[in-house]
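Engineer: Input file: entry.txt. Contents: compact mmCIF, C-alpha atoms.
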# COMPACT_ATOMS: atom_id res chain seq x y z
CA MET I 1 55.10 77.57 25.35
CA LYS I 2 52.87 77.41 22.32
CA HIS I 3 54.60 80.24 20.55
CA HIS I 4 57.86 78.35 20.79
CA LEU I 5 56.40 75.30 19.08
CA ILE I 6 56.41 76.81 15.62
CA LEU I 7 60.04 77.88 16.03
CA LEU I 8 61.06 74.44 17.22
CA VAL I 9 59.43 72.63 14.34
CA VAL I 10 60.61 75.01 11.67
CA SER I 11 64.17 75.07 12.90
CA LYS I 12 64.29 71.30 13.13
CA LEU I 13 63.39 71.26 9.45
CA LEU I 14 65.72 74.07 8.49
CA ILE I 15 68.98 73.34 10.31
CA PRO I 16 69.90 70.15 8.40
CA PHE I 17 69.16 71.93 5.14
CA LEU I 18 71.33 74.85 6.17
CA LEU I 19 74.27 72.62 7.00
CA LEU I 20 73.85 70.65 3.81
CA PHE I 21 73.62 73.84 1.81
CA ALA I 22 76.77 75.16 3.43
CA PHE I 23 78.58 71.97 2.48
CA TYR I 24 77.23 72.24 -1.07
CA VAL I 25 78.35 75.84 -1.41
CA GLN I 26 81.79 74.93 -0.15
CA MET I 27 82.25 72.05 -2.54
CA HIS I 28 80.75 73.81 -5.53
CA GLY I 29 82.89 76.88 -5.17
CA ASP I 30 84.68 75.90 -8.34
CA PHE I 31 81.62 75.68 -10.54
CA GLY I 32 79.26 78.30 -9.27
CA PRO I 33 79.21 81.13 -6.79
CA GLY I 34 80.49 80.05 -3.46
CA GLY I 35 83.67 79.18 -1.73
CA GLY I 36 85.03 79.21 1.77
CA PHE I 37 83.59 82.42 3.19
CA GLN I 38 80.03 81.94 2.13
CA ALA I 39 79.99 78.35 3.33
CA GLY I 40 81.51 79.30 6.67
CA ALA I 41 78.97 82.07 7.20
CA ILE I 42 76.02 79.83 6.35
CA ALA I 43 77.24 77.01 8.57
CA ALA I 44 77.82 79.46 11.42
CA ALA I 45 74.29 80.79 10.92
CA ALA I 46 72.95 77.24 11.25
CA ILE I 47 74.79 76.70 14.54
CA VAL I 48 73.71 80.12 15.83
CA LEU I 49 70.10 79.27 15.02
CA TYR I 50 70.49 76.00 16.89
CA THR I 51 71.90 77.83 19.91
CA LEU I 52 69.11 80.40 19.85
CA ILE I 53 66.31 77.84 19.69
CA PHE I 54 67.57 74.97 21.80
CA GLY I 55 69.62 76.75 24.44
CA ARG I 56 73.29 76.93 25.20
CA ARG I 57 73.57 73.60 27.00
CA ALA I 58 72.27 71.58 24.08
CA ALA I 59 74.39 73.55 21.64
CA GLU I 60 77.49 73.03 23.73
CA LYS I 61 76.88 69.32 23.75
CA ALA I 62 76.45 69.31 19.99
CA VAL I 63 79.37 71.59 19.14
CA PRO I 64 81.88 71.58 22.02
CA PRO I 65 83.40 75.02 22.53
CA ARG I 66 86.92 73.75 23.08
CA ILE I 67 87.00 72.08 19.68
CA VAL I 68 85.55 75.14 18.01
CA GLU I 69 88.08 77.42 19.68
CA ALA I 70 90.87 75.12 18.63
CA GLY I 71 89.64 75.30 15.08
CA ILE I 72 90.27 79.01 14.65
CA PRO I 73 94.02 78.79 14.21
CA LEU I 74 93.72 75.41 12.56
CA GLY I 75 92.32 76.90 9.37
CA VAL I 76 95.08 79.50 9.16
CA LEU I 77 97.59 76.71 9.76
CA VAL I 78 96.14 74.66 6.91
CA PHE I 79 96.38 77.61 4.58
CA ALA I 80 99.94 78.48 5.51
CA GLY I 81 100.84 74.80 5.54
CA VAL I 82 99.81 74.46 1.91
CA GLY I 83 102.23 77.22 1.09
CA VAL I 84 105.01 75.59 3.06
CA ALA I 85 104.31 72.27 1.36
CA ASN I 86 104.70 74.01 -1.96
CA LEU I 87 108.04 75.37 -0.80
CA LEU I 88 109.17 71.90 0.19
CA MET I 89 108.12 70.44 -3.13
CA GLY I 90 110.28 72.83 -5.03
CA GLY I 91 108.06 75.71 -6.10
CA ASN I 92 107.53 79.15 -4.66
CA TYR I 93 105.32 79.82 -1.63
CA LEU I 94 101.67 79.15 -2.53
CA GLU I 95 102.51 78.06 -6.07
CA TYR I 96 100.17 75.15 -6.49
CA ASN I 97 101.81 73.95 -9.67
CA ALA I 98 104.49 72.37 -7.54
CA PHE I 99 102.09 69.72 -6.24
CA ASN I 100 102.13 67.87 -9.53
CA PRO I 101 104.62 69.30 -12.02
CA ALA I 102 103.50 67.02 -14.82
CA HIS I 103 99.85 68.10 -14.57
CA PRO I 104 99.72 71.64 -13.21
CA VAL I 105 95.93 71.78 -13.48
CA GLU I 106 95.63 68.88 -11.03
CA GLY I 107 98.00 70.66 -8.70
CA GLN I 108 95.90 73.81 -8.87
CA HIS I 109 92.74 71.85 -8.09
CA LEU I 110 94.32 70.21 -5.07
CA GLY I 111 95.70 73.48 -3.79
CA ILE I 112 92.42 75.30 -4.19
CA ILE I 113 90.41 72.59 -2.43
CA LEU I 114 92.78 72.58 0.54
CA VAL I 115 92.89 76.34 0.77
CA GLU I 116 89.13 76.74 0.65
CA ALA I 117 88.75 74.08 3.34
CA GLY I 118 91.13 76.01 5.57
CA VAL I 119 89.20 79.23 5.03
CA PHE I 120 85.92 77.47 5.79
CA ILE I 121 87.23 76.07 9.07
CA THR I 122 88.53 79.42 10.27
CA VAL I 123 85.46 81.43 9.27
CA PHE I 124 83.03 78.93 10.78
CA CYS I 125 84.89 78.55 14.06
CA THR I 126 85.46 82.29 14.43
CA LEU I 127 81.84 83.26 13.87
CA VAL I 128 80.53 80.56 16.22
CA THR I 129 83.09 81.53 18.88
CA ILE I 130 82.22 85.21 18.63
CA PHE I 131 78.55 84.45 19.09
CA ASN I 132 79.21 82.11 21.98
CA THR I 133 81.41 84.71 23.68
CA PHE I 134 78.67 87.31 23.42
CA ALA I 135 76.11 84.83 24.68
CA ARG I 136 78.22 83.70 27.58
CA ARG I 137 78.81 87.22 28.80
CA GLY I 138 75.30 87.76 29.93
CA ARG I 139 75.45 85.40 32.86
CA MET R 140 65.78 103.17 4.15
CA THR R 141 68.94 105.05 4.97
CA LEU R 142 67.00 108.12 6.04
CA ALA R 143 64.97 105.90 8.33
CA VAL R 144 68.19 104.58 9.85
CA ILE R 145 69.28 108.14 10.59
CA GLY R 146 66.00 109.03 12.23
CA VAL R 147 64.96 105.97 14.17
CA ARG R 148 65.39 106.12 17.90
CA ASN R 149 64.60 102.67 19.14
CA LEU R 150 67.72 100.54 18.80
CA PHE R 151 65.87 97.31 18.11
CA GLY R 152 64.18 98.90 15.12
CA LEU R 153 67.59 100.10 14.02
CA VAL R 154 68.91 96.54 13.96
CA VAL R 155 65.94 95.29 11.97
CA LEU R 156 66.31 98.14 9.51
CA SER R 157 69.98 97.41 9.07
CA GLY R 158 69.20 93.80 8.29
CA ALA R 159 66.69 94.87 5.67
CA TYR R 160 69.23 97.31 4.27
CA SER R 161 71.75 94.49 3.90
CA PHE R 162 69.21 92.42 2.01
CA ILE R 163 68.49 95.25 -0.39
CA MET R 164 72.20 95.77 -0.88
CA ALA R 165 72.67 92.06 -1.65
CA THR R 166 69.92 92.24 -4.26
CA LEU R 167 71.52 95.29 -5.81
CA LEU R 168 74.86 93.53 -5.96
CA ILE R 169 73.34 90.53 -7.72
CA ALA R 170 71.67 92.88 -10.19
CA MET R 171 75.16 94.11 -10.98
CA ASP R 172 76.28 90.56 -11.85
CA ALA R 173 78.31 90.14 -8.68
CA VAL R 174 76.85 86.81 -7.57
CA ASP R 175 79.64 85.76 -5.20
CA VAL R 176 79.68 89.11 -3.52
CA GLY R 177 75.90 89.24 -3.23
CA MET R 178 75.81 85.83 -1.61
CA THR R 179 78.51 86.82 0.87
CA GLU R 180 76.82 90.11 1.69
CA ALA R 181 73.50 88.38 2.27
CA ALA R 182 75.00 85.67 4.47
CA VAL R 183 77.34 87.94 6.39
CA GLY R 184 75.58 91.28 6.43
CA ALA R 185 72.00 90.22 6.89
CA GLY R 186 72.70 87.11 8.94
CA VAL R 187 75.77 87.35 11.10
CA SER R 188 75.82 91.14 11.46
CA THR R 189 72.24 91.31 12.64
CA VAL R 190 72.78 88.54 15.19
CA LEU R 191 75.89 90.26 16.55
CA LEU R 192 74.11 93.60 16.84
CA LEU R 193 71.19 91.95 18.61
CA SER R 194 73.42 90.18 21.12
CA ALA R 195 75.34 93.37 21.84
CA LEU R 196 72.04 95.16 22.29
CA HIS R 197 70.91 92.51 24.74
CA LEU R 198 74.07 93.05 26.76
CA ALA R 199 73.98 96.84 26.61
CA ARG R 200 70.25 97.19 27.08
CA THR R 201 69.63 100.86 26.42
CA GLU R 202 67.75 103.02 23.99
CA GLU R 203 69.03 106.08 22.25
CA ALA R 204 68.70 109.19 24.37
CA PRO R 205 66.50 111.91 22.97
CA GLY R 206 68.08 115.23 22.38
CA LYS R 207 69.95 116.35 19.34
CA VAL R 208 67.80 115.87 16.32
CA PHE R 209 69.74 117.75 13.72
CA GLN R 210 73.40 118.63 13.78
CA PRO R 211 74.18 121.41 11.33
CA VAL R 212 77.96 121.04 11.40
CA ALA R 213 77.84 117.36 10.58
CA ALA R 214 75.25 117.91 7.87
CA ILE R 215 77.40 120.59 6.25
CA LEU R 216 80.41 118.29 6.40
CA ALA R 217 78.44 115.50 4.76
CA LEU R 218 77.09 117.81 2.08
CA VAL R 219 80.50 119.23 1.27
CA THR R 220 81.99 115.75 0.99
CA GLY R 221 79.11 114.66 -1.18
CA ALA R 222 79.43 117.65 -3.47
CA ALA R 223 83.15 117.06 -3.90
CA LEU R 224 82.55 113.40 -4.69
CA ILE R 225 79.82 114.18 -7.21
CA TYR R 226 82.12 116.65 -8.91
CA GLY R 227 84.66 113.85 -9.10
CA THR R 228 82.26 111.40 -10.71
CA TRP R 229 81.82 113.44 -13.88
CA GLY R 230 85.03 112.07 -15.28
CA LEU R 231 84.26 108.47 -14.57
CA PRO R 232 83.03 106.15 -17.32
CA LEU R 233 79.34 105.59 -17.71
CA TYR R 234 77.57 102.68 -16.11
CA GLY R 235 78.17 99.44 -17.96
CA ASP R 236 80.60 100.91 -20.40
CA PRO R 237 82.83 98.15 -21.80
CA ASP R 238 85.56 100.55 -22.81
CA GLY R 239 86.41 101.76 -19.36
CA PRO R 240 90.05 101.58 -18.37
CA ILE R 241 89.53 98.94 -15.70
CA HIS R 242 88.62 96.33 -18.26
CA HIS R 243 91.86 96.48 -20.15
CA HIS R 244 94.80 95.62 -17.99
CA VAL R 245 94.70 92.53 -15.82
CA ALA R 246 91.12 91.33 -16.06
CA PRO R 247 91.25 90.03 -19.67
CA TYR R 248 94.35 88.04 -18.71
CA TYR R 249 92.51 86.39 -15.84
CA ILE R 250 89.43 85.66 -17.90
CA GLU R 251 91.44 84.12 -20.72
CA GLN R 252 93.96 82.20 -18.68
CA THR R 253 91.61 80.60 -16.19
CA PRO R 254 90.34 77.73 -18.40
CA GLU R 255 93.86 76.69 -19.35
CA GLU R 256 95.65 77.09 -16.05
CA MET R 257 92.90 76.25 -13.58
CA GLY R 258 90.29 74.27 -15.42
CA MET R 259 87.44 75.64 -13.33
CA PRO R 260 84.55 77.80 -14.47
CA ASN R 261 84.36 80.14 -11.48
CA ILE R 262 86.84 82.89 -12.23
CA VAL R 263 86.34 84.65 -8.91
CA THR R 264 87.31 81.58 -6.89
CA ALA R 265 90.28 80.95 -9.14
CA VAL R 266 91.54 84.48 -8.73
CA LEU R 267 90.82 84.51 -5.01
CA SER R 268 92.52 81.23 -4.17
CA SER R 269 95.28 81.00 -6.67
CA TYR R 270 96.16 84.16 -8.53
CA ARG R 271 95.68 86.37 -5.47
CA GLY R 272 96.21 83.75 -2.80
CA TYR R 273 98.29 86.00 -0.58
CA ASP R 274 95.38 88.36 -0.05
CA THR R 275 93.22 85.47 1.05
CA LEU R 276 95.89 84.37 3.49
CA GLY R 277 95.97 87.88 4.92
CA GLU R 278 92.22 87.97 5.16
CA THR R 279 92.08 84.67 7.01
CA THR R 280 94.59 86.10 9.45
CA VAL R 281 92.34 89.14 9.91
CA ILE R 282 89.38 86.94 10.80
CA PHE R 283 91.55 84.98 13.18
CA THR R 284 92.70 88.20 14.83
CA ALA R 285 89.13 89.40 15.20
CA GLY R 286 88.11 86.16 16.89
CA LEU R 287 91.13 86.41 19.14
CA GLY R 288 90.34 90.03 20.01
CA VAL R 289 86.74 89.32 20.89
CA MET R 290 87.77 86.40 23.06
CA MET R 291 90.32 88.52 24.86
CA LEU R 292 87.92 91.39 25.44
CA LEU R 293 84.88 89.47 26.58
CA ARG R 294 86.24 86.49 28.39
CA GLY R 295 85.87 87.23 32.05
CA ARG R 296 82.82 87.37 34.17
CA ARG R 297 80.41 90.19 33.61
CA ARG R 298 80.55 93.18 35.92
CA ASP R 299 77.09 94.58 36.35
CA GLY R 300 76.94 98.09 34.95
CA GLY R 301 77.39 101.01 37.24
CA LYS R 302 79.59 103.97 37.83
CA PRO R 303 83.24 103.59 36.88
CA LYS R 304 85.73 102.51 39.44
CA LYS R 305 88.62 104.92 39.35
CA GLY R 306 92.16 103.70 39.50
CA GLY R 307 93.65 100.46 38.36
CA GLN R 308 91.48 97.58 39.23
CA ARG R 309 92.75 94.03 39.14
CA ARG R 310 90.31 91.61 37.66
CA ASP R 311 91.21 88.29 39.10
CA ASP R 312 88.71 85.93 37.55
CA ASP R 313 89.67 86.27 33.94
CA LYS R 314 89.79 82.56 33.37
CA LYS R 315 86.26 81.34 33.24
CA ASP R 316 85.84 77.65 33.83
CA GLU R 317 82.98 76.42 31.77
CA ALA R 318 82.36 72.76 32.30
CA MET V 319 83.67 118.90 -16.81
CA GLU V 320 82.43 118.17 -20.27
CA ASP V 321 78.89 118.51 -21.42
CA LEU V 322 77.45 115.04 -21.36
CA GLY V 323 73.79 115.70 -21.83
CA PHE V 324 70.94 113.51 -20.73
CA LEU V 325 72.73 110.21 -21.23
CA GLY V 326 75.54 111.45 -19.08
CA VAL V 327 73.22 112.18 -16.22
CA ILE V 328 71.54 108.77 -16.34
CA GLY V 329 74.83 106.98 -16.81
CA HIS V 330 76.23 108.27 -13.58
CA ILE V 331 73.26 107.52 -11.39
CA ASN V 332 74.84 104.50 -9.78
CA GLN V 333 77.70 106.65 -8.58
CA TRP V 334 75.32 109.26 -7.23
CA ILE V 335 73.47 106.66 -5.22
CA THR V 336 76.81 105.60 -3.82
CA VAL V 337 77.69 109.19 -2.94
CA PHE V 338 74.34 109.62 -1.20
CA LEU V 339 75.00 106.53 0.91
CA ILE V 340 78.49 107.79 1.74
CA MET V 341 77.02 111.08 2.89
CA ALA V 342 74.40 109.34 5.00
CA GLY V 343 76.93 107.03 6.61
CA LEU V 344 79.27 109.91 7.36
CA TYR V 345 76.46 111.94 8.89
CA ILE V 346 75.44 109.08 11.16
CA ILE V 347 78.99 108.50 12.35
CA VAL V 348 79.68 112.15 13.13
CA ALA V 349 76.33 113.40 14.31
CA ARG V 350 74.89 110.67 16.47
CA SER V 351 76.31 109.95 19.86
CA ASN V 352 74.91 106.49 20.45
CA MET V 353 77.69 104.00 19.82
CA ILE V 354 75.66 101.24 18.31
CA LYS V 355 74.17 103.70 15.87
CA LYS V 356 77.64 104.82 14.95
CA LEU V 357 78.58 101.24 14.18
CA VAL V 358 75.53 100.81 11.99
CA GLY V 359 76.47 104.04 10.21
CA LEU V 360 79.95 102.62 9.68
CA SER V 361 78.49 99.53 8.10
CA ILE V 362 76.34 101.67 5.79
CA PHE V 363 79.49 103.52 4.78
CA GLN V 364 81.27 100.25 4.06
CA THR V 365 78.39 98.93 1.98
CA SER V 366 78.40 102.04 -0.14
CA VAL V 367 82.11 101.55 -0.82
CA TYR V 368 81.34 98.03 -2.05
CA LEU V 369 78.90 99.57 -4.53
CA LEU V 370 81.54 102.09 -5.52
CA TYR V 371 83.90 99.31 -6.50
CA ILE V 372 81.53 96.88 -8.11
CA SER V 373 79.38 99.15 -10.23
CA PRO V 374 82.17 100.11 -12.66
CA GLY V 375 82.88 96.44 -13.15
CA LYS V 376 79.55 95.66 -14.68
CA ILE V 377 79.36 95.45 -18.44
CA ILE V 378 75.96 95.80 -20.02
CA ASP V 379 75.02 92.55 -21.83
CA GLY V 380 77.63 90.75 -19.81
CA THR V 381 77.05 88.10 -17.22
CA ALA V 382 78.47 86.96 -13.93
CA PRO V 383 82.13 85.96 -14.14
CA ILE V 384 81.54 82.22 -14.34
CA LEU V 385 82.72 80.69 -17.57
CA SER V 386 79.99 79.15 -19.63
CA PRO V 387 79.83 78.19 -23.30
CA GLU V 388 76.80 80.30 -24.19
CA TRP V 389 78.17 83.69 -23.03
CA ASP V 390 81.15 85.56 -24.29
CA THR V 391 81.12 88.75 -22.28
CA TYR V 392 81.81 88.62 -18.58
CA SER V 393 81.74 91.29 -15.96
CA ASN V 394 85.05 92.18 -14.47
CA PRO V 395 85.96 89.65 -11.76
CA LEU V 396 88.68 91.68 -10.14
CA PRO V 397 86.54 94.01 -8.02
CA HIS V 398 84.53 91.00 -6.82
CA VAL V 399 87.65 89.48 -5.34
CA LEU V 400 88.62 92.67 -3.53
CA ILE V 401 85.14 93.24 -2.18
CA LEU V 402 84.81 89.66 -0.89
CA THR V 403 87.80 90.32 1.32
CA ALA V 404 86.41 93.71 2.30
CA ILE V 405 83.05 92.28 3.39
CA VAL V 406 84.66 89.77 5.70
CA VAL V 407 87.01 92.38 7.13
CA GLY V 408 83.95 94.58 7.72
CA VAL V 409 82.23 91.96 9.79
CA ALA V 410 85.40 91.42 11.78
CA THR V 411 85.52 95.15 12.51
CA LEU V 412 81.88 95.10 13.55
CA ALA V 413 82.46 92.21 15.96
CA LEU V 414 85.42 93.92 17.61
CA GLY V 415 83.59 97.25 17.78
CA LEU V 416 80.59 95.63 19.42
CA SER V 417 82.71 93.90 22.02
CA LEU V 418 84.32 97.25 22.82
CA VAL V 419 80.85 98.79 23.18
CA VAL V 420 79.85 96.02 25.59
CA ARG V 421 82.93 96.63 27.71
CA ILE V 422 82.38 100.40 27.70
CA ASN V 423 78.83 99.84 28.78
CA GLU V 424 79.94 97.73 31.68
CA ALA V 425 82.52 100.25 32.78
CA TYR V 426 80.44 103.42 32.42
CA GLY V 427 76.86 102.26 32.47
CA SER V 428 75.81 103.91 29.24
CA ILE V 429 76.61 103.88 25.57
CA GLU V 430 76.00 107.52 24.78
CA GLU V 431 79.16 109.35 23.97
CA ASP V 432 78.16 112.61 25.65
CA GLU V 433 77.44 110.96 28.96
CA ILE V 434 80.76 109.15 28.85
CA TYR V 435 82.62 112.38 28.20
CA LYS V 436 80.84 114.02 31.09
CA ASP V 437 81.70 111.08 33.30
CA ASP V 438 85.33 111.30 32.37
CA ALA V 439 85.50 115.03 32.88
CA ASP V 440 84.88 114.74 36.63
Let me see the structure of the file written as structure tokens.
Structural biologist:
Amino acid sequence: MKHHLILLVVSKLLIPFLLLFAFYVQMHGDFGPGGGFQAGAIAAAAIVLYTLIFGRRAAEKAVPPRIVEAGIPLGVLVFAGVGVANLLMGGNYLEYNAFNPAHPVEGQHLGIILVEAGVFITVFCTLVTIFNTFARRGR
Amino acid sequence: MTLAVIGVRNLFGLVVLSGAYSFIMATLLIAMDAVDVGMTEAAVGAGVSTVLLLSALHLARTEEAPGKVFQPVAAILALVTGAALIYGTWGLPLYGDPDGPIHHHVAPYYIEQTPEEMGMPNIVTAVLSSYRGYDTLGETTVIFTAGLGVMMLLRGRRRDGGKPKKGGQRRDDDKKDEA
Amino acid sequence: MEDLGFLGVIGHINQWITVFLIMAGLYIIVARSNMIKKLVGLSIFQTSVYLLYISPGKIIDGTAPILSPEWDTYSNPLPHVLILTAIVVGVATLALGLSLVVRINEAYGSIEEDEIYKDDAD
């Protein structure tokens, strides 16, 4: 198993950095390149690496498949829910100014943060689920 | 690189080459000042795409059959399309030209209005989430549909490959209980 | 077709690279009968279309479209937005196509198009 040792050690060093970087990219989408999609793809790559190195059992204990599968529509729901909330607060659908009519810039910030979070959840859960479905098929 | 992709026979080498191609494409995109797009292409094209191709290859487990090396009809079709497209590119503006028509209609509005209306430096995120938020909603739905489709197609237990079974065949263990 | 001279030829080279990639992708999709190779050809085709959209957006002496006090010329952000969506849709297409290939392989035992046609013919 010696040739697996290097992979184990390197991935144990890399996976926390990958997840942290994905979180950074998500949060800094306003100030630099980034946003929901990139962060979701990087986080999914971290989980896929974990599954490849440590096996499916350990990965399923760490990231339960039921929760991940439930997360796919959750992100779409968050996105659409932001729009509905804007409707209820008096603006048009997905008009973030309605969150805070006195300070529209604050409303835009809040809307964009929520929307990017929804996109991140959906992209991450979908990519992890697709990989798990492919991996599970080969039994 | 692309010519190597056309010629290579071993499918594993094909997947590695396609990953390298995605990396080169991401670098090219960053050289064209498209930093968001380059990051997405690197993460998605070179990371996720390669893993998906590899897992499908593991499930399919074949190599490309030898045989046709050169198809004249397809090559003529590709050449004719390419010639028509090159003829069409003569009228396009030169590379990096700031007077091209695409820089005059909506883009200056977005660039100027973003600091006042959004207060964030990243124009691409502002346009993606707020000015063109509907497209992003549609795209999230597309990803959701893709995840749904893959789950529906590949859920049941694997049938080991063999000759097709003619006629309608009921598959009765579509719900897989994974503890 | 006007006479552009040497500068015209060099100025269009990004579009010619794109056209070459389009031709290559199209050739792979039509000419090869292995399904996974076809999907890779499709992804080459899609990548060339990204180049087709983004290369006119670049302005020489401009910078990435992130506002900053020391630059005053930015590349056009609008194609970037469209292509971000297109990249993610492309990976969704690839995932669905690959799952179809896996199912076809399980039903027919091979992923070469010719063998599948022969199987269906009898």
Engineer: With all atoms listed in the file as the basis for distance, which of R:Leu292, R:Leu168, R:Ile282, R:Ala265 is at the shortest distance from Glu116 (chain I)?
Structural biologist: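 Smallest separation from Glu116 (chain I) among the options: R:Ala265.
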Engineer: So, counting only C-alpha atoms, which residue among V:Ala342, V:Leu402, V:Met353, V:Ala382 is closest to Ala181 (chain R)?
Structural biologist: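 With only C-alpha atoms as the atom set, the closest residue is V:Leu402.
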Engineer: Give one line per residue of chain R that approaches chain I to at most 9 Å, naming the two atoms of the closest pair and their distance in Å to one decimal, counting all atoms listed in the file; sort by chain then ascending residue number and deliver it as CSV.
Structural biologist:
residue,atom,partner,partner_atom,distance
R:Val174,CA,I:Pro33,CA,6.2
R:Asp175,CA,I:Pro33,CA,4.9
R:Val176,CA,I:Pro33,CA,8.6
R:Met178,CA,I:Gln38,CA,6.9
R:Thr179,CA,I:Gln38,CA,5.3
R:Glu180,CA,I:Gln38,CA,8.8
R:Ala182,CA,I:Ala41,CA,6.0
R:Val183,CA,I:Ala41,CA,6.1
R:Gly186,CA,I:Ala45,CA,6.8
R:Val187,CA,I:Ala45,CA,6.7
R:Val190,CA,I:Phe131,CA,8.1
R:Leu191,CA,I:Phe131,CA,6.9
R:Ser194,CA,I:Phe134,CA,6.4
R:Ala195,CA,I:Phe134,CA,7.1
R:His197,CA,I:Gly138,CA,8.3
R:Leu198,CA,I:Gly138,CA,6.3
R:Glu255,CA,I:Val105,CA,7.9
R:Glu256,CA,I:Val105,CA,5.9
R:Met257,CA,I:Val105,CA,5.4
R:Gly258,CA,I:Val105,CA,6.5
R:Met259,CA,I:Asp30,CA,5.7
R:Pro260,CA,I:Phe31,CA,5.3
R:Asn261,CA,I:Asp30,CA,5.3
R:Ile262,CA,I:Asp30,CA,8.3
R:Val263,CA,I:Pro33,CA,8.2
R:Thr264,CA,I:Asp30,CA,6.4
R:Ala265,CA,I:Asp30,CA,7.6
R:Ser268,CA,I:Ile112,CA,5.9
R:Ser269,CA,I:Ile112,CA,6.8
R:Gly272,CA,I:Leu94,CA,7.1
R:Tyr273,CA,I:Leu94,CA,7.9
R:Thr275,CA,I:Val119,CA,8.4
R:Leu276,CA,I:Phe79,CA,6.9
R:Thr279,CA,I:Val76,CA,6.4
R:Thr280,CA,I:Val76,CA,6.6
R:Ile282,CA,I:Val123,CA,6.9
R:Phe283,CA,I:Ile72,CA,6.3
R:Ala285,CA,I:Thr126,CA,8.0
R:Gly286,CA,I:Thr126,CA,5.3
R:Leu287,CA,I:Thr126,CA,8.4
R:Val289,CA,I:Ile130,CA,6.5
R:Met290,CA,I:Thr133,CA,6.6
R:Leu293,CA,I:Thr133,CA,6.6
R:Arg294,CA,I:Thr133,CA,7.0
R:Gly295,CA,I:Arg137,CA,7.8
R:Arg296,CA,I:Arg137,CA,6.7
R:Arg297,CA,I:Arg137,CA,5.9
Engineer: What does the distance from CA of Pro395 (chain V) to CA of Val25 (chain I) come to in Å, to one decimal?
Structural biologist: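 Between CA of Pro395 (chain V) and CA of Val25 (chain I) the gap works out to 18.9 Å.
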Engineer: Got a sec: who's within 8 Å of Glu431 (chain V), counting only C-alpha atoms, leaving out chain neighbours fewer than 3 positions off, as a PyMOL selection string?
Structural biologist: chain V and resi 351-353+434-435
Engineer: So how far away is CA of His244 (chain R) from CA of Val82 (chain I), in Å?
Structural biologist: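 Between CA of Val82 (chain I) and CA of His244 (chain R) the gap is 29.5 Å.
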Engineer: What are the residues of chain V lining chain I at 12 Å or less? Count all atoms listed in the file, and put the answer as a PDB file with C-alpha atoms, keeping the file's coordinate frame.
Structural biologist:
ATOM      1  CA  ALA V 382      78.470  86.960 -13.930  1.00  0.00           C
ATOM      2  CA  PRO V 383      82.130  85.960 -14.140  1.00  0.00           C
ATOM      3  CA  ILE V 384      81.540  82.220 -14.340  1.00  0.00           C
ATOM      4  CA  LEU V 385      82.720  80.690 -17.570  1.00  0.00           C
ATOM      5  CA  SER V 386      79.990  79.150 -19.630  1.00  0.00           C
ATOM      6  CA  PRO V 395      85.960  89.650 -11.760  1.00  0.00           C
ATOM      7  CA  HIS V 398      84.530  91.000  -6.820  1.00  0.00           C
ATOM      8  CA  VAL V 399      87.650  89.480  -5.340  1.00  0.00           C
ATOM      9  CA  LEU V 402      84.810  89.660  -0.890  1.00  0.00           C
ATOM     10  CA  THR V 403      87.800  90.320   1.320  1.00  0.00           C
ATOM     11  CA  ALA V 404      86.410  93.710   2.300  1.00  0.00           C
ATOM     12  CA  ILE V 405      83.050  92.280   3.390  1.00  0.00           C
ATOM     13  CA  VAL V 406      84.660  89.770   5.700  1.00  0.00           C
ATOM     14  CA  VAL V 407      87.010  92.380   7.130  1.00  0.00           C
ATOM     15  CA  VAL V 409      82.230  91.960   9.790  1.00  0.00           C
ATOM     16  CA  ALA V 410      85.400  91.420  11.780  1.00  0.00           C
ATOM     17  CA  LEU V 412      81.880  95.100  13.550  1.00  0.00           C
ATOM     18  CA  ALA V 413      82.460  92.210  15.960  1.00  0.00           C
ATOM     19  CA  LEU V 414      85.420  93.920  17.610  1.00  0.00           C
ATOM     20  CA  LEU V 416      80.590  95.630  19.420  1.00  0.00           C
ATOM     21  CA  SER V 417      82.710  93.900  22.020  1.00  0.00           C
ATOM     22  CA  LEU V 418      84.320  97.250  22.820  1.00  0.00           C
ATOM     23  CA  VAL V 419      80.850  98.790  23.180  1.00  0.00           C
ATOM     24  CA  VAL V 420      79.850  96.020  25.590  1.00  0.00           C
ATOM     25  CA  ARG V 421      82.930  96.630  27.710  1.00  0.00           C
ATOM     26  CA  GLU V 424      79.940  97.730  31.680  1.00  0.00           C
TER      27      GLU V 424
END
Engineer: Measure the distance from CA of Tyr368 (chain V) to CA of Ala213 (chain R) in Å and round it to one decimal.
Structural biologist: 23.4 Å
Engineer: Need to verify the contact set: Ile354 (chain V), 10 Å, all atoms listed in the file, exclusion of same-chain residues closer than 6 positions in sequence. Can you return it as a ChimeraX atom specification?
Structural biologist: /R:150,153-154,192,195-196,199,202-203 /V:347,360,412,415-416,419-420,429-430
Engineer: Using all atoms listed in the file, which of the listed residues (V:Leu357, V:Leu370, V:Ile346, V:Ile335) sits closest to Pro397 (chain V)?
Structural biologist: V:Leu370
Engineer: Looking at all atoms listed in the file, which of I:Ala46, I:Met27, I:Ile53, I:Ile67 is the one that sits closest to Leu8 (chain I)?
Structural biologist: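 Answer, going by the shortest atom-to-atom distance: I:Ile53.
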Engineer: Would you list the contacts of region 157-159 of chain R as a list in words, taking every protein, DNA or RNA residue within 8 Å and counting all atoms listed in the file, but skipping same-chain residues closer than 2 positions in sequence?
Structural biologist: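 Those residues are Val144, Leu153, Val154, Val155, Ser161, Phe162, Ile163, Gly184, Ala185, Gly186, Ser188 and Thr189 of chain R; Val358 of chain V.
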